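Raw contents of query.tsv, TSV, C-alpha atoms:
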```tsv
chain	number	residue	atom	x	y	z
G	243	MET	CA	-55.71	-34.79	-22.27
G	244	VAL	CA	-56.10	-31.64	-24.38
G	245	GLU	CA	-59.83	-31.96	-25.17
G	246	PRO	CA	-61.19	-30.75	-21.78
G	247	VAL	CA	-59.31	-27.47	-22.25
G	248	GLY	CA	-59.14	-27.15	-26.03
G	249	SER	CA	-62.90	-27.69	-26.41
G	250	LYS	CA	-63.69	-24.68	-24.19
G	251	LEU	CA	-60.80	-22.23	-24.65
G	252	PRO	CA	-58.71	-21.09	-27.62
G	253	TYR	CA	-55.84	-23.57	-27.84
G	254	MET	CA	-53.08	-22.54	-30.22
G	255	ALA	CA	-50.56	-25.26	-31.07
G	256	VAL	CA	-47.24	-25.32	-32.88
G	257	PRO	CA	-45.55	-28.47	-34.23
G	258	GLY	CA	-42.33	-29.85	-32.83
G	259	ASN	CA	-40.03	-32.80	-33.43
G	260	HIS	CA	-42.65	-35.37	-32.39
G	261	GLU	CA	-45.01	-34.03	-35.05
G	262	LEU	CA	-42.66	-33.34	-37.96
G	263	ASP	CA	-39.66	-35.64	-37.57
G	264	ILE	CA	-40.31	-38.99	-39.17
G	265	TYR	CA	-38.54	-40.99	-36.48
G	266	ASP	CA	-40.54	-39.27	-33.73
G	267	SER	CA	-43.99	-39.71	-35.26
G	268	THR	CA	-43.81	-43.32	-36.48
G	269	ASN	CA	-43.57	-42.16	-40.10
G	270	GLU	CA	-46.76	-40.09	-39.75
G	271	ASN	CA	-44.85	-36.99	-40.90
G	272	ASN	CA	-47.21	-34.32	-39.51
G	273	THR	CA	-50.43	-36.28	-40.09
G	274	ILE	CA	-51.38	-36.63	-36.41
G	275	TYR	CA	-50.86	-32.90	-35.80
G	276	THR	CA	-52.87	-31.67	-38.79
G	277	LYS	CA	-55.76	-34.09	-38.13
G	278	ARG	CA	-56.21	-32.91	-34.53
G	279	PHE	CA	-55.48	-29.18	-34.65
G	280	VAL	CA	-56.93	-26.56	-36.96
G	281	MET	CA	-54.62	-23.55	-36.92
G	282	PRO	CA	-54.47	-20.43	-39.15
G	283	GLY	CA	-52.56	-20.33	-42.42
G	284	ASN	CA	-50.59	-23.46	-43.22
G	285	GLU	CA	-50.99	-24.53	-39.56
G	286	ARG	CA	-47.22	-24.94	-39.00
G	287	TYR	CA	-46.21	-21.26	-38.94
G	288	TYR	CA	-48.77	-18.49	-38.66
G	289	SER	CA	-49.71	-15.42	-36.61
G	290	PHE	CA	-52.71	-13.89	-34.87
G	291	GLY	CA	-53.44	-10.81	-32.78
G	292	VAL	CA	-55.18	-10.66	-29.40
G	293	GLY	CA	-55.74	-7.11	-28.21
G	294	MET	CA	-52.38	-5.39	-27.89
G	295	VAL	CA	-50.36	-8.61	-28.42
G	296	HIS	CA	-49.50	-10.26	-31.72
G	297	PHE	CA	-48.41	-13.88	-31.48
G	298	VAL	CA	-46.24	-15.50	-34.14
G	299	ALA	CA	-45.83	-19.29	-34.32
G	300	VAL	CA	-42.77	-20.73	-36.05
G	301	SER	CA	-41.86	-24.31	-36.90
G	302	THR	CA	-38.43	-25.19	-35.54
G	303	ASP	CA	-38.20	-28.41	-37.57
G	304	GLU	CA	-38.26	-26.53	-40.86
G	305	SER	CA	-35.67	-24.26	-42.44
G	306	ILE	CA	-35.82	-20.57	-41.55
G	307	ASP	CA	-32.90	-19.10	-43.51
G	308	SER	CA	-33.34	-16.35	-46.10
G	309	GLU	CA	-33.86	-18.86	-48.93
G	310	SER	CA	-36.62	-20.80	-47.17
G	311	THR	CA	-40.36	-20.14	-47.43
G	312	GLN	CA	-40.69	-19.85	-43.66
G	313	GLY	CA	-37.70	-17.50	-43.40
G	314	VAL	CA	-39.05	-15.13	-46.05
G	315	TRP	CA	-42.51	-15.22	-44.47
G	316	LEU	CA	-41.17	-14.52	-40.96
G	317	ASP	CA	-38.99	-11.62	-42.11
G	318	ARG	CA	-41.95	-9.95	-43.85
G	319	LYS	CA	-44.35	-10.68	-41.00
G	320	LEU	CA	-42.07	-9.28	-38.29
G	321	GLU	CA	-41.23	-6.25	-40.41
G	322	TYR	CA	-44.94	-5.50	-40.81
G	323	LEU	CA	-45.64	-5.97	-37.09
G	324	ASN	CA	-42.72	-3.80	-36.04
G	325	LYS	CA	-44.05	-0.99	-38.25
G	326	ASN	CA	-47.48	-1.33	-36.66
G	327	ARG	CA	-46.66	-1.21	-32.96
G	328	ASP	CA	-49.53	1.24	-32.55
G	329	SER	CA	-51.85	-1.74	-33.14
G	330	TRP	CA	-49.76	-4.41	-31.38
G	331	PRO	CA	-47.16	-3.00	-28.96
G	332	TRP	CA	-46.14	-6.53	-27.96
G	333	VAL	CA	-44.78	-9.11	-30.42
G	334	VAL	CA	-44.42	-12.63	-29.00
G	335	VAL	CA	-42.99	-15.60	-30.90
G	336	PHE	CA	-43.72	-19.14	-29.74
G	337	GLN	CA	-41.99	-22.30	-30.95
G	338	HIS	CA	-40.97	-25.79	-29.88
G	339	ARG	CA	-37.18	-25.98	-29.74
G	340	PRO	CA	-35.26	-23.17	-27.93
G	341	ILE	CA	-32.17	-21.50	-29.35
G	342	TYR	CA	-31.11	-20.46	-25.85
G	343	ASN	CA	-30.85	-23.57	-23.68
G	344	SER	CA	-28.25	-24.40	-21.02
G	345	ASN	CA	-29.51	-27.93	-20.32
G	346	ASN	CA	-27.07	-30.22	-22.13
G	347	ILE	CA	-29.83	-32.65	-23.06
G	348	HIS	CA	-30.75	-31.30	-26.51
G	349	GLY	CA	-28.57	-28.22	-26.09
G	350	ILE	CA	-29.08	-25.22	-28.40
G	351	TRP	CA	-31.08	-26.01	-31.53
G	352	LYS	CA	-28.76	-25.72	-34.52
G	353	GLY	CA	-30.90	-27.25	-37.20
G	354	ARG	CA	-29.96	-30.41	-39.07
G	355	THR	CA	-27.87	-31.42	-42.07
G	356	PHE	CA	-29.10	-34.06	-44.45
G	357	ASN	CA	-27.58	-37.45	-43.73
G	358	SER	CA	-28.72	-40.28	-46.00
G	359	SER	CA	-26.66	-42.83	-44.08
G	360	SER	CA	-28.50	-42.12	-40.84
G	361	ARG	CA	-30.87	-44.72	-39.43
G	362	TYR	CA	-33.63	-42.09	-39.80
G	363	VAL	CA	-33.73	-39.93	-42.92
G	364	ASN	CA	-35.13	-36.47	-42.20
G	365	PRO	CA	-34.94	-33.33	-44.35
G	366	GLU	CA	-32.25	-30.69	-43.90
G	367	VAL	CA	-33.19	-27.85	-41.53
G	368	ARG	CA	-31.26	-24.62	-42.15
G	369	GLY	CA	-31.06	-21.20	-40.52
G	370	TRP	CA	-31.06	-22.23	-36.87
G	371	PRO	CA	-30.03	-20.57	-34.66
G	372	THR	CA	-28.13	-17.64	-36.22
G	373	ASP	CA	-30.41	-16.56	-39.10
G	374	TYR	CA	-33.45	-16.82	-36.87
G	375	ASN	CA	-31.81	-14.92	-34.02
G	376	THR	CA	-30.86	-12.14	-36.44
G	377	LEU	CA	-34.51	-11.75	-37.51
G	378	ILE	CA	-36.02	-11.57	-34.02
G	379	VAL	CA	-33.42	-9.03	-32.89
G	380	LYS	CA	-33.71	-6.97	-36.08
G	381	HIS	CA	-37.49	-6.68	-35.75
G	382	LYS	CA	-37.48	-6.17	-31.97
G	383	VAL	CA	-39.43	-9.26	-30.88
G	384	ASP	CA	-40.28	-8.94	-27.18
G	385	LEU	CA	-40.65	-12.51	-25.94
G	386	VAL	CA	-39.82	-15.97	-27.30
G	387	LEU	CA	-41.70	-18.87	-25.68
G	388	ASN	CA	-40.32	-22.41	-25.95
G	389	GLY	CA	-40.89	-26.01	-24.91
G	390	HIS	CA	-39.03	-29.22	-25.90
G	391	VAL	CA	-36.46	-29.21	-23.08
G	392	HIS	CA	-37.90	-30.72	-19.90
G	393	HIS	CA	-36.91	-27.95	-17.53
G	394	TYR	CA	-37.56	-24.27	-16.84
G	395	GLU	CA	-35.28	-21.47	-17.98
G	396	ARG	CA	-35.56	-17.70	-18.43
G	397	THR	CA	-32.90	-15.62	-20.12
G	398	TRP	CA	-31.91	-12.02	-19.73
G	399	PRO	CA	-32.67	-9.80	-22.73
G	400	VAL	CA	-30.20	-11.15	-25.29
G	401	LYS	CA	-28.91	-9.79	-28.59
G	402	ASP	CA	-26.87	-12.95	-29.08
G	403	TRP	CA	-25.03	-15.47	-26.96
G	404	ASP	CA	-22.27	-12.97	-26.14
G	405	ASN	CA	-24.30	-9.75	-25.79
G	406	VAL	CA	-26.52	-9.72	-22.72
G	407	THR	CA	-28.35	-6.96	-20.82
G	408	LYS	CA	-28.87	-7.94	-17.20
G	409	SER	CA	-32.04	-5.93	-16.62
G	410	TYR	CA	-35.69	-6.36	-17.60
G	411	GLU	CA	-36.38	-2.63	-17.47
G	412	ASN	CA	-36.95	-1.01	-20.88
G	413	LYS	CA	-35.42	-4.05	-22.54
G	414	GLN	CA	-34.05	-3.70	-26.06
G	415	TYR	CA	-33.73	-7.38	-26.97
G	416	PRO	CA	-35.88	-10.54	-26.77
G	417	VAL	CA	-36.35	-12.47	-23.54
G	418	HIS	CA	-36.50	-16.25	-24.06
G	419	ILE	CA	-38.60	-18.39	-21.70
G	420	THR	CA	-38.61	-22.18	-21.80
G	421	CYS	CA	-41.48	-23.80	-19.90
G	422	GLY	CA	-40.89	-27.47	-20.60
G	423	HIS	CA	-41.54	-28.70	-17.06
G	424	GLY	CA	-45.25	-29.38	-17.44
G	425	GLY	CA	-45.34	-33.10	-16.64
G	426	LYS	CA	-42.92	-35.22	-18.64
G	427	SER	CA	-39.87	-36.58	-16.81
G	428	LEU	CA	-37.50	-33.73	-16.02
G	429	TYR	CA	-34.04	-33.50	-17.54
G	430	ALA	CA	-32.08	-33.65	-14.30
G	431	ARG	CA	-29.65	-36.38	-15.35
G	432	ARG	CA	-28.09	-37.30	-18.64
G	433	VAL	CA	-29.92	-39.90	-20.68
G	434	GLU	CA	-27.99	-42.25	-22.95
G	435	THR	CA	-29.31	-44.75	-25.47
G	436	ASN	CA	-27.77	-48.13	-26.17
G	437	ASP	CA	-27.18	-48.20	-29.94
G	438	THR	CA	-27.79	-51.94	-30.12
G	439	THR	CA	-30.89	-52.39	-27.96
G	440	ASP	CA	-32.33	-48.83	-28.05
G	441	GLU	CA	-32.59	-49.10	-24.27
G	442	ARG	CA	-32.47	-45.75	-22.54
G	443	TYR	CA	-30.62	-45.41	-19.26
G	444	TYR	CA	-29.54	-42.62	-16.90
G	445	LYS	CA	-25.90	-41.79	-16.37
G	446	ASP	CA	-24.70	-40.67	-12.97
G	447	SER	CA	-24.15	-37.07	-14.06
G	448	TYR	CA	-26.24	-33.94	-14.08
G	449	THR	CA	-27.48	-32.00	-17.08
G	450	TYR	CA	-26.30	-28.57	-15.94
G	451	ASP	CA	-22.86	-27.27	-16.73
G	452	PRO	CA	-21.82	-23.84	-15.40
G	453	GLN	CA	-24.62	-21.37	-16.09
G	454	PRO	CA	-23.93	-19.10	-19.09
G	455	ALA	CA	-24.18	-15.32	-18.73
G	456	TRP	CA	-27.36	-15.09	-20.82
G	457	SER	CA	-29.26	-17.53	-18.56
G	458	HIS	CA	-30.83	-15.78	-15.58
G	459	VAL	CA	-32.86	-18.57	-13.94
G	460	ARG	CA	-33.09	-22.30	-14.58
G	461	ASN	CA	-34.48	-25.32	-12.75
G	462	HIS	CA	-34.76	-29.03	-13.55
G	463	THR	CA	-36.13	-30.36	-10.26
G	464	TYR	CA	-39.72	-28.99	-10.14
G	465	TRP	CA	-42.70	-29.51	-12.43
G	466	GLY	CA	-44.82	-26.45	-13.11
G	467	HIS	CA	-46.26	-24.01	-15.64
G	468	CYS	CA	-45.92	-20.37	-16.72
G	469	GLU	CA	-48.37	-17.48	-17.09
G	470	LEU	CA	-48.09	-14.08	-18.77
G	471	ASP	CA	-50.15	-11.03	-17.86
G	472	PHE	CA	-49.85	-8.17	-20.36
G	473	LEU	CA	-50.76	-5.20	-18.16
G	474	ASN	CA	-50.44	-2.43	-20.74
G	475	SER	CA	-48.36	-1.39	-23.75
G	476	THR	CA	-45.14	-1.28	-21.74
G	477	HIS	CA	-45.46	-3.84	-18.91
G	478	VAL	CA	-45.85	-7.61	-18.92
G	479	MET	CA	-45.78	-9.78	-15.80
G	480	HIS	CA	-44.33	-13.28	-16.02
G	481	ARG	CA	-45.15	-15.85	-13.36
G	482	MET	CA	-43.85	-19.37	-12.91
G	483	TYR	CA	-45.82	-21.78	-10.70
G	484	ARG	CA	-44.56	-25.04	-9.26
G	485	MET	CA	-46.96	-27.95	-9.37
G	486	GLN	CA	-49.52	-28.03	-6.53
G	487	GLU	CA	-48.45	-24.60	-5.24
G	488	GLU	CA	-50.95	-21.72	-5.30
G	489	GLU	CA	-48.39	-18.93	-4.97
G	490	ALA	CA	-46.05	-18.16	-7.85
G	491	ALA	CA	-42.49	-19.32	-7.34
G	492	GLU	CA	-41.33	-16.45	-9.57
G	493	THR	CA	-42.88	-13.13	-10.49
G	494	VAL	CA	-40.97	-10.92	-12.90
G	495	THR	CA	-42.09	-7.69	-14.58
G	496	ILE	CA	-40.60	-7.00	-18.01
G	497	THR	CA	-40.92	-3.52	-19.50
G	498	ARG	CA	-40.38	-2.10	-22.94
G	499	THR	CA	-39.92	1.43	-24.28
G	500	PRO	CA	-43.30	3.08	-25.03
G	501	THR	CA	-44.39	3.19	-28.65
G	502	ILE	CA	-46.26	6.33	-29.68
G	503	ASN	CA	-49.44	5.55	-31.60
G	504	THR	CA	-48.84	6.32	-35.29
G	505	SER	CA	-52.10	8.17	-35.87
G	506	LEU	CA	-51.58	10.26	-32.76
G	507	ARG	CA	-48.00	10.96	-33.80
G	508	ILE	CA	-49.33	12.38	-37.06
G	509	SER	CA	-51.80	14.47	-35.08
G	510	VAL	CA	-48.96	15.80	-32.93
G	511	HIS	CA	-46.97	16.77	-36.00
G	512	LEU	CA	-50.02	18.46	-37.52
G	513	ALA	CA	-50.68	20.34	-34.30
G	514	LEU	CA	-47.06	21.49	-34.16
G	515	PHE	CA	-47.32	22.72	-37.75
G	516	MET	CA	-50.44	24.68	-36.82
G	517	CYS	CA	-48.53	26.15	-33.89
G	518	LEU	CA	-45.78	27.37	-36.17
G	519	VAL	CA	-48.32	28.88	-38.54
G	520	GLY	CA	-50.17	30.56	-35.69
G	521	ARG	CA	-46.83	31.58	-34.14
G	522	VAL	CA	-48.16	33.67	-31.25
G	523	GLY	CA	-51.20	34.40	-29.17
G	524	THR	CA	-54.13	32.16	-28.30
G	525	ALA	CA	-53.62	29.88	-31.32
G	526	PHE	CA	-50.09	28.98	-30.22
G	527	LEU	CA	-51.15	28.30	-26.64
G	528	THR	CA	-54.07	26.12	-27.78
G	529	CYS	CA	-51.85	24.10	-30.11
G	530	PHE	CA	-49.24	23.62	-27.40
G	531	VAL	CA	-51.87	22.22	-25.02
G	532	VAL	CA	-53.19	19.90	-27.76
G	533	CYS	CA	-49.68	18.55	-28.36
G	534	ILE	CA	-49.17	17.76	-24.68
G	535	VAL	CA	-52.55	16.02	-24.41
G	536	LEU	CA	-51.94	13.95	-27.54
G	537	TYR	CA	-48.49	12.90	-26.31
G	538	PHE	CA	-49.80	11.54	-23.04
G	539	CYS	CA	-52.78	9.89	-24.74
G	540	SER	CA	-50.45	8.07	-27.12
G	541	ALA	CA	-48.36	6.75	-24.24
G	542	ARG	CA	-51.41	5.52	-22.30
G	543	VAL	CA	-53.74	4.39	-25.06
G	544	TYR	CA	-53.43	0.67	-24.16
G	545	THR	CA	-53.33	0.80	-20.37
G	546	GLU	CA	-56.86	-0.52	-19.89
G	547	ARG	CA	-56.56	-3.49	-22.25
G	548	SER	CA	-54.75	-6.05	-20.11
G	549	ILE	CA	-54.42	-9.61	-21.44
G	550	LYS	CA	-53.67	-12.75	-19.45
G	551	CYS	CA	-52.42	-15.98	-20.97
```
In structure tokens, write the structure found in this file.
Amino acid sequence: MVEPVGSKLPYMAVPGNHELDIYDSTNENNTIYTKRFVMPGNERYYSFGVGMVHFVAVSTDESIDSESTQGVWLDRKLEYLNKNRDSWPWVVVFQHRPIYNSNNIHGIWKGRTFNSSSRYVNPEVRGWPTDYNTLIVKHKVDLVLNGHVHHYERTWPVKDWDNVTKSYENKQYPVHITCGHGGKSLYARRVETNDTTDERYYKDSYTYDPQPAWSHVRNHTYWGHCELDFLNSTHVMHRMYRMQEEEAAETVTITRTPTINTSLRISVHLALFMCLVGRVGTAFLTCFVVCIVLYFCSARVYTERSIKC
């Protein structure tokens, strides 16, 4: 299924519960994933840059608190990226399980405590969702892309579950997008499992409770896919398509506050210093013009480098 696309285009994968959880991978414990995908770094969490966007993959079935290897790595990586917005104005994290999810099948990912008496013994997973949410807000991550839940959902910019900004213009916090409606059966009704026979059956109840304030749009009745078009350093266009429809069912533009290029910022400061030294006359006027030109160049330096994914 993946080979026709993955053999011709860059195909960046991130593991989820079916790859890392023992009960979901028939005791393979990540073997199937690592044998079929060759990703950067340790292949489970890594990052790479494409033009003006830096993508960061995280593994939701591993700990991400401050004492974990992944947590320390992510904190340092995001800190570095946030200090280098002149190279990558956009920082996008992608992962399997969402921490903002209003579909009550799966719910919000909260990690896992070790339970030796469970039928399936899996390792403890710490730091989800609070430690992770703190990191992505602290380092000003722009977008978080998710799967796992078989529906579509897009949040407002969210600081946490109680602090929401209902606007995509000059957003200050991450926007979370779950595109899990690509083909598997949709989570429109609750699914229960018989503990004795393992038989799965549908209950006569729906998976949506009242929509929380942080959830802007959600749908569990249409299959589809999502696309992102990074237009420049401040604008990204998100589109959601329903299956077999050519026109996008949703088109949303998300903007961020411009980031002045670091090298150009230094040039501006140097030019201003020269202005003060020159004080008056032609030198002052020349320096003033240089400062204005550099300012506008720094705000527009990425406008011609659009990226679509």
Check the smallest atom-to-atom distance from each of G:Gln453, G:Ser301, G:Asn343, G:Asn405 to Cys421 of chain G using all atoms listed in the file, then report the winner. G:Asn343
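Each of G:Lys426, G:His418, G:Lys380, G:His393 was compared to Arg318 of chain G using only C-alpha atoms, and G:Lys380 turns out to be the nearest.
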Skipping near chain neighbours, those fewer than 5 positions away, what residues fall within 10 Å of Met281 of chain G using only C-alpha atoms, listed as a PyMOL selection string? chain G and resi 253-256+276+286-289
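Ranking G:His477, G:Arg396, G:Lys550, G:His390 by their shortest atom-to-atom distance to Gln337 of chain G, with all atoms listed in the file included, puts G:His390 first.
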Using only C-alpha atoms, can you tell me which of G:Val478, G:Cys468, G:Leu385, G:Leu320 comes closest to Glu492 of chain G? G:Cys468
For Phe290 of chain G: contacts at 12 Å, all atoms listed in the file, fewer than 3 positions along chain excluded, given as a short mmCIF file (atom, residue, chain, number, x, y, z; two decimals) with C-alpha atoms, keeping the file's coordinate frame:
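Written out: part-v8.cif:
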```
data_model
loop_
_atom_site.label_atom_id
_atom_site.label_comp_id
_atom_site.auth_asym_id
_atom_site.auth_seq_id
_atom_site.Cartn_x
_atom_site.Cartn_y
_atom_site.Cartn_z
CA PRO G 252 -58.71 -21.09 -27.62
CA MET G 254 -53.08 -22.54 -30.22
CA MET G 281 -54.62 -23.55 -36.92
CA PRO G 282 -54.47 -20.43 -39.15
CA GLY G 283 -52.56 -20.33 -42.42
CA GLU G 285 -50.99 -24.53 -39.56
CA TYR G 287 -46.21 -21.26 -38.94
CA GLY G 293 -55.74 -7.11 -28.21
CA MET G 294 -52.38 -5.39 -27.89
CA VAL G 295 -50.36 -8.61 -28.42
CA HIS G 296 -49.50 -10.26 -31.72
CA PHE G 297 -48.41 -13.88 -31.48
CA VAL G 298 -46.24 -15.50 -34.14
CA ALA G 299 -45.83 -19.29 -34.32
CA LYS G 319 -44.35 -10.68 -41.00
CA LEU G 323 -45.64 -5.97 -37.09
CA TRP G 330 -49.76 -4.41 -31.38
CA VAL G 333 -44.78 -9.11 -30.42
CA VAL G 334 -44.42 -12.63 -29.00
CA VAL G 335 -42.99 -15.60 -30.90
CA PHE G 336 -43.72 -19.14 -29.74
#
```
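Minimum atom-to-atom distances from G:Lys401, G:His338, G:Arg431, G:Arg327 to His462 of chain G were compared using all atoms listed in the file, and the lowest value belongs to G:Arg431.
Using all atoms listed in the file, the shortest contact distance between Ser305 of chain G and any of G:Lys352, G:His260, G:His458, G:Lys277 is found at G:Lys352.
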Residue rebuild result segment 389-408 of chain G, N, CA, C and O atoms as a PDB file, keeping the file's coordinate frame:
```
ATOM      1  N   GLY G 389     -40.640 -24.775 -25.645  1.00  0.00           N
ATOM      2  CA  GLY G 389     -40.890 -26.010 -24.910  1.00  0.00           C
ATOM      3  C   GLY G 389     -39.721 -26.949 -25.132  1.00  0.00           C
ATOM      4  O   GLY G 389     -38.566 -26.554 -25.017  1.00  0.00           O
ATOM      5  N   HIS G 390     -40.010 -28.213 -25.472  1.00  0.00           N
ATOM      6  CA  HIS G 390     -39.030 -29.220 -25.900  1.00  0.00           C
ATOM      7  C   HIS G 390     -38.124 -29.709 -24.780  1.00  0.00           C
ATOM      8  O   HIS G 390     -38.045 -30.914 -24.523  1.00  0.00           O
ATOM      9  N   VAL G 391     -37.399 -28.819 -24.130  1.00  0.00           N
ATOM     10  CA  VAL G 391     -36.460 -29.210 -23.080  1.00  0.00           C
ATOM     11  C   VAL G 391     -37.212 -29.328 -21.761  1.00  0.00           C
ATOM     12  O   VAL G 391     -37.887 -28.379 -21.345  1.00  0.00           O
ATOM     13  N   HIS G 392     -37.091 -30.451 -21.093  1.00  0.00           N
ATOM     14  CA  HIS G 392     -37.900 -30.720 -19.900  1.00  0.00           C
ATOM     15  C   HIS G 392     -37.296 -30.061 -18.661  1.00  0.00           C
ATOM     16  O   HIS G 392     -36.801 -30.711 -17.744  1.00  0.00           O
ATOM     17  N   HIS G 393     -37.336 -28.743 -18.678  1.00  0.00           N
ATOM     18  CA  HIS G 393     -36.910 -27.950 -17.530  1.00  0.00           C
ATOM     19  C   HIS G 393     -37.489 -26.555 -17.691  1.00  0.00           C
ATOM     20  O   HIS G 393     -38.247 -26.282 -18.623  1.00  0.00           O
ATOM     21  N   TYR G 394     -37.123 -25.659 -16.772  1.00  0.00           N
ATOM     22  CA  TYR G 394     -37.560 -24.270 -16.840  1.00  0.00           C
ATOM     23  C   TYR G 394     -36.337 -23.377 -16.944  1.00  0.00           C
ATOM     24  O   TYR G 394     -35.359 -23.567 -16.218  1.00  0.00           O
ATOM     25  N   GLU G 395     -36.399 -22.402 -17.853  1.00  0.00           N
ATOM     26  CA  GLU G 395     -35.280 -21.470 -17.980  1.00  0.00           C
ATOM     27  C   GLU G 395     -35.777 -20.133 -18.525  1.00  0.00           C
ATOM     28  O   GLU G 395     -36.634 -20.074 -19.408  1.00  0.00           O
ATOM     29  N   ARG G 396     -35.231 -19.068 -17.980  1.00  0.00           N
ATOM     30  CA  ARG G 396     -35.560 -17.700 -18.430  1.00  0.00           C
ATOM     31  C   ARG G 396     -34.251 -16.952 -18.647  1.00  0.00           C
ATOM     32  O   ARG G 396     -33.374 -16.935 -17.780  1.00  0.00           O
ATOM     33  N   THR G 397     -34.125 -16.358 -19.812  1.00  0.00           N
ATOM     34  CA  THR G 397     -32.900 -15.620 -20.120  1.00  0.00           C
ATOM     35  C   THR G 397     -33.035 -14.153 -19.735  1.00  0.00           C
ATOM     36  O   THR G 397     -34.133 -13.652 -19.470  1.00  0.00           O
ATOM     37  N   TRP G 398     -31.913 -13.478 -19.721  1.00  0.00           N
ATOM     38  CA  TRP G 398     -31.910 -12.020 -19.730  1.00  0.00           C
ATOM     39  C   TRP G 398     -32.289 -11.558 -21.142  1.00  0.00           C
ATOM     40  O   TRP G 398     -32.317 -12.382 -22.067  1.00  0.00           O
ATOM     41  N   PRO G 399     -32.545 -10.284 -21.359  1.00  0.00           N
ATOM     42  CA  PRO G 399     -32.670  -9.800 -22.730  1.00  0.00           C
ATOM     43  C   PRO G 399     -31.348 -10.045 -23.476  1.00  0.00           C
ATOM     44  O   PRO G 399     -30.282  -9.643 -22.999  1.00  0.00           O
ATOM     45  N   VAL G 400     -31.425 -10.733 -24.606  1.00  0.00           N
ATOM     46  CA  VAL G 400     -30.200 -11.150 -25.290  1.00  0.00           C
ATOM     47  C   VAL G 400     -30.206 -10.718 -26.759  1.00  0.00           C
ATOM     48  O   VAL G 400     -31.166 -10.947 -27.486  1.00  0.00           O
ATOM     49  N   LYS G 401     -29.119 -10.096 -27.168  1.00  0.00           N
ATOM     50  CA  LYS G 401     -28.910  -9.790 -28.590  1.00  0.00           C
ATOM     51  C   LYS G 401     -28.359 -11.017 -29.299  1.00  0.00           C
ATOM     52  O   LYS G 401     -28.766 -11.361 -30.401  1.00  0.00           O
ATOM     53  N   ASP G 402     -27.397 -11.654 -28.638  1.00  0.00           N
ATOM     54  CA  ASP G 402     -26.870 -12.950 -29.080  1.00  0.00           C
ATOM     55  C   ASP G 402     -26.244 -13.607 -27.872  1.00  0.00           C
ATOM     56  O   ASP G 402     -26.388 -13.131 -26.754  1.00  0.00           O
ATOM     57  N   TRP G 403     -25.525 -14.680 -28.086  1.00  0.00           N
ATOM     58  CA  TRP G 403     -25.030 -15.470 -26.960  1.00  0.00           C
ATOM     59  C   TRP G 403     -23.902 -14.776 -26.203  1.00  0.00           C
ATOM     60  O   TRP G 403     -23.557 -15.179 -25.100  1.00  0.00           O
ATOM     61  N   ASP G 404     -23.358 -13.695 -26.789  1.00  0.00           N
ATOM     62  CA  ASP G 404     -22.270 -12.970 -26.140  1.00  0.00           C
ATOM     63  C   ASP G 404     -22.658 -11.550 -25.734  1.00  0.00           C
ATOM     64  O   ASP G 404     -21.859 -10.859 -25.097  1.00  0.00           O
ATOM     65  N   ASN G 405     -23.856 -11.108 -26.108  1.00  0.00           N
ATOM     66  CA  ASN G 405     -24.300  -9.750 -25.790  1.00  0.00           C
ATOM     67  C   ASN G 405     -25.575  -9.811 -24.972  1.00  0.00           C
ATOM     68  O   ASN G 405     -26.656 -10.106 -25.503  1.00  0.00           O
ATOM     69  N   VAL G 406     -25.444  -9.531 -23.680  1.00  0.00           N
ATOM     70  CA  VAL G 406     -26.520  -9.720 -22.720  1.00  0.00           C
ATOM     71  C   VAL G 406     -26.742  -8.423 -21.933  1.00  0.00           C
ATOM     72  O   VAL G 406     -25.780  -7.756 -21.556  1.00  0.00           O
ATOM     73  N   THR G 407     -28.010  -8.087 -21.688  1.00  0.00           N
ATOM     74  CA  THR G 407     -28.350  -6.960 -20.820  1.00  0.00           C
ATOM     75  C   THR G 407     -28.999  -7.519 -19.565  1.00  0.00           C
ATOM     76  O   THR G 407     -30.077  -8.109 -19.638  1.00  0.00           O
ATOM     77  N   LYS G 408     -28.377  -7.326 -18.430  1.00  0.00           N
ATOM     78  CA  LYS G 408     -28.870  -7.940 -17.200  1.00  0.00           C
ATOM     79  C   LYS G 408     -29.858  -7.033 -16.477  1.00  0.00           C
ATOM     80  O   LYS G 408     -29.679  -6.630 -15.328  1.00  0.00           O
TER      81      LYS G 408
END
```
